[in-house]
>>> print(open('start_39.txt').read())   # compact mmCIF, C-alpha atoms
# COMPACT_ATOMS: atom_id res chain seq x y z
CA MET A 1 43.03 -6.33 45.39
CA SER A 2 40.93 -7.56 48.28
CA VAL A 3 39.91 -11.18 48.69
CA VAL A 4 36.24 -10.17 48.82
CA LEU A 5 36.56 -8.39 45.48
CA VAL A 6 38.23 -11.42 43.89
CA LEU A 7 35.53 -13.77 45.19
CA LEU A 8 32.79 -11.42 43.96
CA THR A 9 34.48 -11.27 40.56
CA ALA A 10 34.62 -15.08 40.38
CA ALA A 11 30.97 -15.40 41.47
CA LEU A 12 29.86 -12.98 38.76
CA GLY A 13 32.03 -15.00 36.38
CA GLY A 14 29.75 -17.96 37.08
CA VAL A 15 26.74 -15.77 36.27
CA GLY A 16 28.39 -14.49 33.07
CA ALA A 17 29.15 -18.04 31.89
CA VAL A 18 25.54 -19.14 32.45
CA ALA A 19 24.29 -16.00 30.66
CA ARG A 20 26.56 -16.85 27.70
CA PHE A 21 25.28 -20.43 27.67
CA ALA A 22 21.65 -19.20 27.69
CA ALA A 23 22.29 -16.49 25.07
CA ASP A 24 23.99 -19.05 22.80
CA ARG A 25 21.04 -21.41 23.16
CA PHE A 26 18.71 -18.57 22.18
CA LEU A 27 20.81 -17.08 19.35
CA ALA A 28 22.31 -20.13 17.65
CA PRO A 29 19.06 -21.37 16.04
CA ARG A 30 18.27 -17.81 14.90
CA MET A 31 21.47 -17.14 12.97
CA PRO A 32 21.06 -16.75 9.18
CA ASP A 33 21.58 -20.05 7.33
CA GLY A 34 22.44 -21.67 10.66
CA LEU A 35 25.91 -20.08 10.54
CA PRO A 36 27.86 -20.17 13.84
CA PHE A 37 27.86 -16.42 14.55
CA ALA A 38 26.10 -16.54 17.94
CA THR A 39 29.32 -16.13 19.93
CA VAL A 40 30.34 -13.17 17.77
CA VAL A 41 27.05 -11.44 18.65
CA ILE A 42 27.57 -12.23 22.35
CA ASN A 43 31.13 -10.87 22.20
CA ALA A 44 30.04 -7.68 20.45
CA VAL A 45 27.35 -6.98 23.06
CA GLY A 46 29.76 -7.70 25.92
CA SER A 47 32.47 -5.53 24.34
CA PHE A 48 30.02 -2.63 24.00
CA VAL A 49 28.99 -2.85 27.67
CA LEU A 50 32.62 -3.12 28.83
CA GLY A 51 33.45 -0.10 26.67
CA VAL A 52 30.70 1.85 28.46
CA LEU A 53 31.97 0.71 31.88
CA VAL A 54 35.65 1.46 31.23
CA GLY A 55 34.70 4.77 29.61
CA ALA A 56 32.54 5.67 32.61
CA SER A 57 35.50 4.93 34.88
CA ARG A 58 37.96 6.86 32.72
CA TRP A 59 35.92 9.99 32.07
CA HIS A 60 33.18 10.04 34.70
CA GLY A 61 34.79 8.63 37.84
CA LEU A 62 32.94 5.30 38.04
CA ASP A 63 34.39 3.26 40.90
CA ASP A 64 37.25 0.95 39.82
CA GLY A 65 35.82 -1.86 41.95
CA VAL A 66 32.65 -1.89 39.82
CA VAL A 67 34.71 -2.08 36.62
CA GLN A 68 36.74 -4.89 38.17
CA VAL A 69 33.83 -7.02 39.39
CA VAL A 70 31.38 -6.43 36.52
CA GLY A 71 34.02 -6.00 33.79
CA ALA A 72 36.45 -8.82 34.55
CA GLY A 73 33.84 -11.06 36.18
CA LEU A 74 30.45 -10.79 34.48
CA LEU A 75 31.48 -9.45 31.05
CA GLY A 76 34.83 -11.25 31.04
CA ALA A 77 33.03 -14.58 31.35
CA PHE A 78 30.04 -13.62 29.17
CA THR A 79 32.40 -12.95 26.27
CA THR A 80 34.86 -15.61 25.19
CA PHE A 81 37.83 -15.99 22.90
CA SER A 82 38.37 -19.75 22.80
CA THR A 83 34.94 -20.56 21.33
CA VAL A 84 35.15 -18.11 18.40
CA SER A 85 38.64 -19.34 17.64
CA LEU A 86 37.39 -22.95 17.62
CA ASP A 87 34.30 -22.04 15.54
CA ALA A 88 36.59 -20.42 12.95
CA VAL A 89 39.05 -23.35 12.90
CA GLN A 90 36.23 -25.88 12.49
CA GLN A 91 34.82 -23.96 9.52
CA ILE A 92 38.27 -23.74 7.93
CA ARG A 93 38.87 -27.48 8.47
CA GLU A 94 35.62 -28.18 6.62
CA GLY A 95 36.83 -26.05 3.72
CA ARG A 96 34.53 -23.10 4.46
CA TRP A 97 37.28 -20.48 4.45
CA ALA A 98 34.90 -17.57 3.92
CA VAL A 99 32.83 -18.43 6.99
CA GLY A 100 35.96 -19.07 9.07
CA THR A 101 37.43 -15.73 8.04
CA ALA A 102 34.13 -13.99 8.72
CA ILE A 103 34.08 -15.38 12.27
CA ALA A 104 37.74 -14.60 13.09
CA GLY A 105 38.31 -11.39 11.12
CA GLY A 106 34.80 -10.06 10.65
CA GLY A 107 33.95 -10.93 14.25
CA LEU A 108 36.96 -8.94 15.43
CA LEU A 109 35.81 -5.87 13.47
CA VAL A 110 32.21 -6.15 14.72
CA CYS A 111 33.41 -6.41 18.32
CA LEU A 112 35.80 -3.48 17.82
CA ALA A 113 32.87 -1.43 16.56
CA GLY A 114 30.89 -2.46 19.68
CA GLY A 115 33.67 -1.74 22.17
CA GLY A 116 34.64 1.47 20.38
CA ALA A 117 31.02 2.67 20.41
CA GLY A 118 30.82 2.05 24.16
CA LEU A 119 34.03 4.01 24.82
CA ALA A 120 33.03 6.81 22.42
CA LEU A 121 29.60 7.12 24.02
CA MET A 122 31.21 7.76 27.42
CA SER A 123 33.90 10.10 26.11
CA LEU A 124 31.23 12.27 24.49
CA ALA A 125 28.64 12.02 27.26
CA MET B 1 23.71 -24.84 34.57
CA GLY B 2 25.51 -25.62 37.82
CA LEU B 3 28.43 -27.11 35.89
CA VAL B 4 28.69 -24.04 33.63
CA ALA B 5 28.53 -21.70 36.65
CA ALA B 6 31.15 -23.64 38.62
CA GLY B 7 33.48 -23.83 35.62
CA GLY B 8 32.87 -20.16 34.85
CA ALA B 9 33.72 -18.97 38.35
CA THR B 10 36.89 -21.10 38.37
CA GLY B 11 37.92 -19.80 34.94
CA VAL B 12 37.51 -16.17 36.00
CA LEU B 13 39.47 -16.83 39.20
CA ALA B 14 42.34 -18.35 37.20
CA ARG B 15 42.29 -15.41 34.75
CA GLU B 16 42.33 -12.89 37.60
CA LEU B 17 45.27 -14.60 39.29
CA LEU B 18 47.27 -14.79 36.04
CA ASP B 19 46.39 -11.23 35.10
CA ALA B 20 47.60 -10.05 38.52
CA ALA B 21 50.77 -12.16 38.30
CA LEU B 22 51.70 -11.01 34.79
CA PRO B 23 51.90 -7.23 34.59
CA ALA B 24 51.29 -5.40 31.32
CA ARG B 25 54.38 -5.21 29.09
CA GLY B 26 54.66 -1.83 27.39
CA GLY B 27 50.95 -1.37 27.97
CA VAL B 28 50.05 -4.76 26.44
CA PRO B 29 48.01 -6.91 28.86
CA ALA B 30 50.30 -9.96 28.84
CA GLY B 31 48.11 -11.97 31.23
CA ILE B 32 45.02 -11.63 29.01
CA LEU B 33 47.07 -12.53 25.93
CA LEU B 34 48.43 -15.63 27.65
CA VAL B 35 45.07 -16.92 28.98
CA ASN B 36 43.42 -16.39 25.59
CA LEU B 37 46.10 -18.37 23.75
CA ALA B 38 46.33 -21.13 26.37
CA GLY B 39 42.53 -21.39 26.55
CA ALA B 40 42.22 -21.52 22.75
CA PHE B 41 44.71 -24.42 22.63
CA ALA B 42 42.98 -26.25 25.49
CA LEU B 43 39.46 -25.89 24.03
CA GLY B 44 40.61 -27.24 20.66
CA LEU B 45 42.21 -30.19 22.42
CA LEU B 46 39.21 -30.83 24.70
CA VAL B 47 36.52 -30.71 22.01
CA GLU B 48 38.51 -32.84 19.56
CA ALA B 49 39.45 -35.38 22.23
CA LEU B 50 35.80 -35.66 23.35
CA ALA B 51 34.59 -36.06 19.77
CA SER B 52 37.26 -38.72 19.19
CA ALA B 53 36.36 -40.60 22.34
CA GLY B 54 32.97 -41.59 20.93
CA PRO B 55 29.29 -40.54 20.97
CA PRO B 56 28.24 -37.76 23.36
CA THR B 57 27.41 -39.69 26.50
CA LEU B 58 26.06 -37.84 29.56
CA GLY B 59 29.56 -37.84 31.05
CA ARG B 60 31.09 -36.30 27.93
CA VAL B 61 28.36 -33.65 27.69
CA ARG B 62 28.94 -32.74 31.34
CA THR B 63 32.70 -32.59 30.84
CA ARG B 64 32.23 -30.24 27.89
CA LEU B 65 29.85 -27.99 29.88
CA LEU B 66 32.13 -27.84 32.94
CA LEU B 67 35.52 -27.54 31.23
CA GLY B 68 34.61 -26.17 27.79
CA THR B 69 31.63 -23.82 28.15
CA GLY B 70 32.37 -22.98 31.79
CA LEU B 71 36.10 -23.09 32.59
CA LEU B 72 37.78 -22.36 29.24
CA GLY B 73 34.92 -20.19 27.98
CA SER B 74 35.36 -17.91 30.98
CA LEU B 75 39.14 -18.17 31.33
CA THR B 76 39.35 -16.66 27.86
CA THR B 77 37.66 -13.35 27.17
CA TYR B 78 36.89 -11.11 24.23
CA SER B 79 35.64 -7.93 25.88
CA ALA B 80 38.96 -7.36 27.69
CA LEU B 81 40.81 -7.94 24.41
CA ILE B 82 38.68 -5.35 22.60
CA VAL B 83 38.51 -2.66 25.27
CA GLY B 84 42.14 -3.32 26.26
CA SER B 85 43.18 -2.61 22.68
CA GLY B 86 41.03 0.55 22.73
CA ILE B 87 42.88 1.79 25.81
CA LEU B 88 46.20 0.92 24.12
CA ALA B 89 45.16 2.99 21.10
CA LEU B 90 44.18 5.92 23.33
CA ASP B 91 47.19 5.86 25.66
CA ARG B 92 50.01 4.41 23.54
CA SER B 93 49.61 3.99 19.81
CA LEU B 94 47.22 2.67 17.19
CA ALA B 95 49.98 0.40 15.83
CA LEU B 96 50.50 -1.27 19.21
CA ALA B 97 46.73 -1.79 19.60
CA ALA B 98 46.44 -3.29 16.12
CA GLY B 99 49.48 -5.49 16.76
CA TYR B 100 47.96 -6.78 20.01
CA LEU B 101 44.65 -7.61 18.29
CA VAL B 102 46.14 -9.30 15.23
CA THR B 103 48.69 -11.23 17.32
CA THR B 104 45.95 -12.54 19.61
CA VAL B 105 43.58 -13.58 16.81
CA VAL B 106 46.22 -15.16 14.53
CA LEU B 107 48.14 -16.95 17.29
CA GLY B 108 44.76 -17.95 18.77
CA LEU B 109 43.78 -19.70 15.53
CA LEU B 110 47.17 -21.45 15.41
CA ALA B 111 46.86 -22.47 19.07
CA THR B 112 43.36 -23.84 18.49
CA GLY B 113 44.58 -25.76 15.43
CA ALA B 114 47.46 -27.19 17.47
CA GLY B 115 45.04 -28.22 20.22
CA VAL B 116 42.76 -29.92 17.69
CA ALA B 117 45.78 -31.75 16.21
CA VAL B 118 46.87 -32.98 19.65
CA GLY B 119 43.31 -34.02 20.53
CA GLY B 120 43.01 -35.89 17.22
CA HIS B 121 46.36 -37.60 17.79
CA HIS B 122 44.89 -38.93 21.00
CA ARG B 123 42.22 -40.66 18.88
CA ARG B 124 44.76 -42.38 16.64
CA ALA B 125 46.79 -43.46 19.64
CA HIS B 126 44.11 -44.51 22.12
CA GLY B 127 40.65 -44.04 20.64
CA PRO B 128 38.13 -46.54 19.29
CA GLY B 129 39.94 -46.61 15.95
CA ALA B 130 43.30 -47.46 17.51
CA ARG B 131 45.02 -50.57 16.25
CA GLY B 132 47.23 -52.95 18.16
>>> encode(input="start_39.txt", output="structure tokens")
Amino acid sequence: MSVVLVLLTAALGGVGAVARFAADRFLAPRMPDGLPFATVVINAVGSFVLGVLVGASRWHGLDDGVVQVVGAGLLGAFTTFSTVSLDAVQQIREGRWAVGTAIAGGGLLVCLAGGGAGLALMSLA
Amino acid sequence: MGLVAAGGATGVLARELLDAALPARGGVPAGILLVNLAGAFALGLLVEALASAGPPTLGRVRTRLLLGTGLLGSLTTYSALIVGSGILALDRSLALAAGYLVTTVVLGLLATGAGVAVGGHHRRAHGPGARG
């Protein structure tokens, strides 16, 4: 992989992180009952878009460099694993097992549906 | 914003280097698995240690934005986990994809819990509540 591509990926990673920060600021106060599901929504959206990108590369010849820079950089940083894991653990520590399970397990299923829909869309298109 | 961007770019760079250094094992993206688990541990430790250190001063808020939201938020990733498992299901087997997902999520929760425990231990040892 070229140095330019790596630097571009990292730069878009900065953009993705800021976009996640802004999206979280927007979504968090709008979640039902103030539940911490904002990161799950962000992850589901990012997984859908990455599914579209990877599917476009796999079935429609989209350039691998685009998948690399936008996928690993922008979407890789927009979505995050550590925060959902921490959100779930904090809920469980406070005795809210149902909410913790919904974030960790339910969040996984929602994101799978998003990513799967993105891939399926491109495989059928 | 600048702190989040700087941390985010650094986190992605670290993930890219690790992902390149650790090739997929039997189709499973070992580098992504490793960064997600390590990042989950580190975020638990960071947030708990900051909370234990005292009220959120400007310095602590900035540290959280740079290292938590930026660096660890971007080092770890969910979209690559999801789509990576989709590719595993397509090219290898559904069982391997499911195993990769469940392993990541369950070990991730354990890693986060371990990080929180270590960060909380820091409080008892050195924090404002520490006794002679």
>>> atom_distance(input="start_39.txt", atom1="atom CA of Gly114 of chain A", atom2="atom CA of Phe41 of chain B")
26.1 Å
>>> closest_atom_pairs(input="start_39.txt", of="chain A", to="chain B", cutoff="8 Å", atoms="only C-alpha atoms", output="tab-separated table")
residue	atom	partner	partner_atom	distance
A:Val6	CA	B:Leu13	CA	7.3
A:Leu7	CA	B:Leu13	CA	7.8
A:Thr9	CA	B:Val12	CA	7.3
A:Ala10	CA	B:Ala9	CA	4.5
A:Ala11	CA	B:Ala9	CA	5.5
A:Leu12	CA	B:Ala9	CA	7.1
A:Gly13	CA	B:Ala9	CA	4.7
A:Gly14	CA	B:Ala5	CA	4.0
A:Val15	CA	B:Ala5	CA	6.2
A:Gly16	CA	B:Gly8	CA	7.4
A:Ala17	CA	B:Gly8	CA	5.2
A:Val18	CA	B:Ala5	CA	5.8
A:Phe21	CA	B:Thr69	CA	7.2
A:Asn43	CA	B:Tyr78	CA	6.1
A:Ala44	CA	B:Ser79	CA	7.8
A:Gly46	CA	B:Ser79	CA	5.9
A:Ser47	CA	B:Ser79	CA	4.3
A:Phe48	CA	B:Ser79	CA	8.0
A:Leu50	CA	B:Ser79	CA	6.4
A:Gly51	CA	B:Val83	CA	5.8
A:Val54	CA	B:Val83	CA	7.8
A:Gly71	CA	B:Ala80	CA	8.0
A:Ala72	CA	B:Ala80	CA	7.4
A:Gly73	CA	B:Val12	CA	6.3
A:Leu75	CA	B:Ser79	CA	6.8
A:Gly76	CA	B:Thr77	CA	5.2
A:Ala77	CA	B:Ser74	CA	4.1
A:Phe78	CA	B:Ser74	CA	7.1
A:Thr79	CA	B:Tyr78	CA	5.3
A:Thr80	CA	B:Thr77	CA	4.1
A:Phe81	CA	B:Thr77	CA	5.0
A:Ser82	CA	B:Ala40	CA	4.2
A:Thr83	CA	B:Gly73	CA	6.7
A:Ser85	CA	B:Leu109	CA	5.6
A:Leu86	CA	B:Thr112	CA	6.1
A:Ala88	CA	B:Leu109	CA	7.7
A:Val89	CA	B:Leu109	CA	6.5
A:Ala104	CA	B:Val105	CA	7.0
A:Cys111	CA	B:Ile82	CA	6.9
A:Leu112	CA	B:Ile82	CA	5.9
A:Gly115	CA	B:Val83	CA	5.8
A:Gly116	CA	B:Gly86	CA	6.9
>>> atom_distance(input="start_39.txt", atom1="atom CA of Asp63 of chain A", atom2="atom CA of Leu94 of chain B")
27.0 Å
>>> atom_distance(input="start_39.txt", atom1="atom CA of Leu5 of chain A", atom2="atom CA of Val70 of chain A")
10.5 Å
>>> closest_residue(input="start_39.txt", among="B:Leu88, B:Ala117, B:Leu67, B:Ala98", to="Arg25 of chain B", atoms="only C-alpha atoms")
B:Leu88
>>> closest_residue(input="start_39.txt", among="A:Thr101, A:Val69, A:Ser57, A:Val84", to="Ala38 of chain A", atoms="all atoms listed in the file")
A:Val84
>>> closest_residue(input="start_39.txt", among="B:Val28, B:Gly120, B:Leu46, B:Ala114", to="Gly99 of chain B", atoms="only C-alpha atoms")
B:Val28
>>> axis_aligned_box(input="start_39.txt", around="segment 103-114 of chain B", padding_each_side="4 Å", output="AutoDock Vina command-line options")
--center_x 46.0 --center_y -19.2 --center_z 17.1 --size_x 13.3 --size_y 24.0 --size_z 13.1
>>> closest_residue(input="start_39.txt", among="A:Val3, A:Ala19, A:Leu35, A:Ala125", to="Val99 of chain A", atoms="all atoms listed in the file")
A:Leu35
>>> decode(input="start_39.txt", residues="segment 13-110 of chain A", atoms="C-alpha atoms", output="JSON list (two decimals), in the first residue's frame")
[["chain", "number", "residue", "atom", "x", "y", "z"],
["A", 13, "GLY", "CA", -10.06, 8.95, 9.79],
["A", 14, "GLY", "CA", -9.84, 12.38, 11.42],
["A", 15, "VAL", "CA", -12.93, 13.46, 9.46],
["A", 16, "GLY", "CA", -14.79, 10.27, 10.41],
["A", 17, "ALA", "CA", -14.02, 10.77, 14.12],
["A", 18, "VAL", "CA", -15.30, 14.37, 14.03],
["A", 19, "ALA", "CA", -18.42, 13.22, 12.14],
["A", 20, "ARG", "CA", -19.03, 10.58, 14.85],
["A", 21, "PHE", "CA", -18.57, 13.20, 17.57],
["A", 22, "ALA", "CA", -21.06, 15.54, 15.85],
["A", 23, "ALA", "CA", -23.56, 12.74, 15.12],
["A", 24, "ASP", "CA", -23.40, 11.61, 18.75],
["A", 25, "ARG", "CA", -24.02, 15.17, 19.95],
["A", 26, "PHE", "CA", -27.06, 15.34, 17.67],
["A", 27, "LEU", "CA", -28.47, 11.85, 18.34],
["A", 28, "ALA", "CA", -27.83, 11.33, 22.06],
["A", 29, "PRO", "CA", -30.48, 13.81, 23.30],
["A", 30, "ARG", "CA", -32.99, 12.38, 20.80],
["A", 31, "MET", "CA", -32.81, 8.74, 21.90],
["A", 32, "PRO", "CA", -36.00, 7.34, 23.49],
["A", 33, "ASP", "CA", -35.95, 7.66, 27.30],
["A", 34, "GLY", "CA", -32.43, 9.06, 27.04],
["A", 35, "LEU", "CA", -31.07, 5.54, 26.47],
["A", 36, "PRO", "CA", -27.46, 5.38, 25.18],
["A", 37, "PHE", "CA", -28.21, 3.99, 21.70],
["A", 38, "ALA", "CA", -26.66, 6.83, 19.67],
["A", 39, "THR", "CA", -23.47, 4.89, 18.90],
["A", 40, "VAL", "CA", -25.51, 1.88, 17.79],
["A", 41, "VAL", "CA", -27.33, 4.07, 15.26],
["A", 42, "ILE", "CA", -24.01, 5.53, 14.06],
["A", 43, "ASN", "CA", -22.54, 2.02, 13.71],
["A", 44, "ALA", "CA", -25.55, 0.74, 11.79],
["A", 45, "VAL", "CA", -25.39, 3.64, 9.31],
["A", 46, "GLY", "CA", -21.64, 3.21, 8.85],
["A", 47, "SER", "CA", -22.00, -0.56, 8.42],
["A", 48, "PHE", "CA", -24.65, -0.05, 5.73],
["A", 49, "VAL", "CA", -22.44, 2.36, 3.77],
["A", 50, "LEU", "CA", -19.40, 0.08, 4.09],
["A", 51, "GLY", "CA", -21.56, -2.83, 2.89],
["A", 52, "VAL", "CA", -22.47, -0.78, -0.20],
["A", 53, "LEU", "CA", -18.81, 0.11, -0.82],
["A", 54, "VAL", "CA", -17.43, -3.41, -0.38],
["A", 55, "GLY", "CA", -20.31, -4.80, -2.44],
["A", 56, "ALA", "CA", -19.63, -2.26, -5.19],
["A", 57, "SER", "CA", -15.99, -3.36, -5.21],
["A", 58, "ARG", "CA", -16.83, -7.06, -5.18],
["A", 59, "TRP", "CA", -19.57, -7.11, -7.82],
["A", 60, "HIS", "CA", -19.20, -3.88, -9.78],
["A", 61, "GLY", "CA", -15.45, -3.24, -9.96],
["A", 62, "LEU", "CA", -15.24, -0.19, -7.68],
["A", 63, "ASP", "CA", -11.58, 0.74, -7.23],
["A", 64, "ASP", "CA", -9.95, -0.94, -4.19],
["A", 65, "GLY", "CA", -8.23, 2.33, -3.27],
["A", 66, "VAL", "CA", -11.63, 3.99, -2.74],
["A", 67, "VAL", "CA", -12.75, 1.13, -0.49],
["A", 68, "GLN", "CA", -9.47, 1.41, 1.41],
["A", 69, "VAL", "CA", -9.51, 5.18, 1.96],
["A", 70, "VAL", "CA", -13.25, 5.68, 2.51],
["A", 71, "GLY", "CA", -13.91, 2.28, 4.11],
["A", 72, "ALA", "CA", -10.99, 1.92, 6.51],
["A", 73, "GLY", "CA", -10.52, 5.67, 7.00],
["A", 74, "LEU", "CA", -13.82, 7.55, 7.01],
["A", 75, "LEU", "CA", -16.24, 4.73, 7.92],
["A", 76, "GLY", "CA", -13.71, 2.86, 10.06],
["A", 77, "ALA", "CA", -13.38, 5.92, 12.30],
["A", 78, "PHE", "CA", -17.04, 6.97, 12.08],
["A", 79, "THR", "CA", -18.07, 3.61, 13.52],
["A", 80, "THR", "CA", -16.55, 2.41, 16.76],
["A", 81, "PHE", "CA", -16.42, -0.72, 18.86],
["A", 82, "SER", "CA", -14.90, 0.50, 22.13],
["A", 83, "THR", "CA", -17.68, 2.99, 22.91],
["A", 84, "VAL", "CA", -20.58, 0.53, 22.47],
["A", 85, "SER", "CA", -18.72, -2.00, 24.57],
["A", 86, "LEU", "CA", -18.22, 0.60, 27.32],
["A", 87, "ASP", "CA", -21.85, 1.79, 27.07],
["A", 88, "ALA", "CA", -23.02, -1.81, 27.55],
["A", 89, "VAL", "CA", -20.64, -2.47, 30.47],
["A", 90, "GLN", "CA", -21.70, 0.74, 32.23],
["A", 91, "GLN", "CA", -25.38, -0.21, 31.94],
["A", 92, "ILE", "CA", -24.65, -3.71, 33.27],
["A", 93, "ARG", "CA", -22.64, -2.29, 36.19],
["A", 94, "GLU", "CA", -25.64, -0.15, 37.13],
["A", 95, "GLY", "CA", -27.83, -3.25, 37.13],
["A", 96, "ARG", "CA", -29.60, -2.44, 33.86],
["A", 97, "TRP", "CA", -28.92, -5.81, 32.23],
["A", 98, "ALA", "CA", -31.68, -5.44, 29.64],
["A", 99, "VAL", "CA", -30.29, -2.14, 28.33],
["A", 100, "GLY", "CA", -26.73, -3.50, 28.36],
["A", 101, "THR", "CA", -27.79, -6.59, 26.44],
["A", 102, "ALA", "CA", -29.78, -4.47, 24.00],
["A", 103, "ILE", "CA", -26.68, -2.36, 23.26],
["A", 104, "ALA", "CA", -24.24, -5.27, 22.89],
["A", 105, "GLY", "CA", -26.47, -7.98, 21.39],
["A", 106, "GLY", "CA", -29.29, -5.98, 19.86],
["A", 107, "GLY", "CA", -26.81, -3.44, 18.51],
["A", 108, "LEU", "CA", -24.88, -6.24, 16.82],
["A", 109, "LEU", "CA", -28.05, -7.50, 15.10],
["A", 110, "VAL", "CA", -29.09, -4.01, 13.98]]
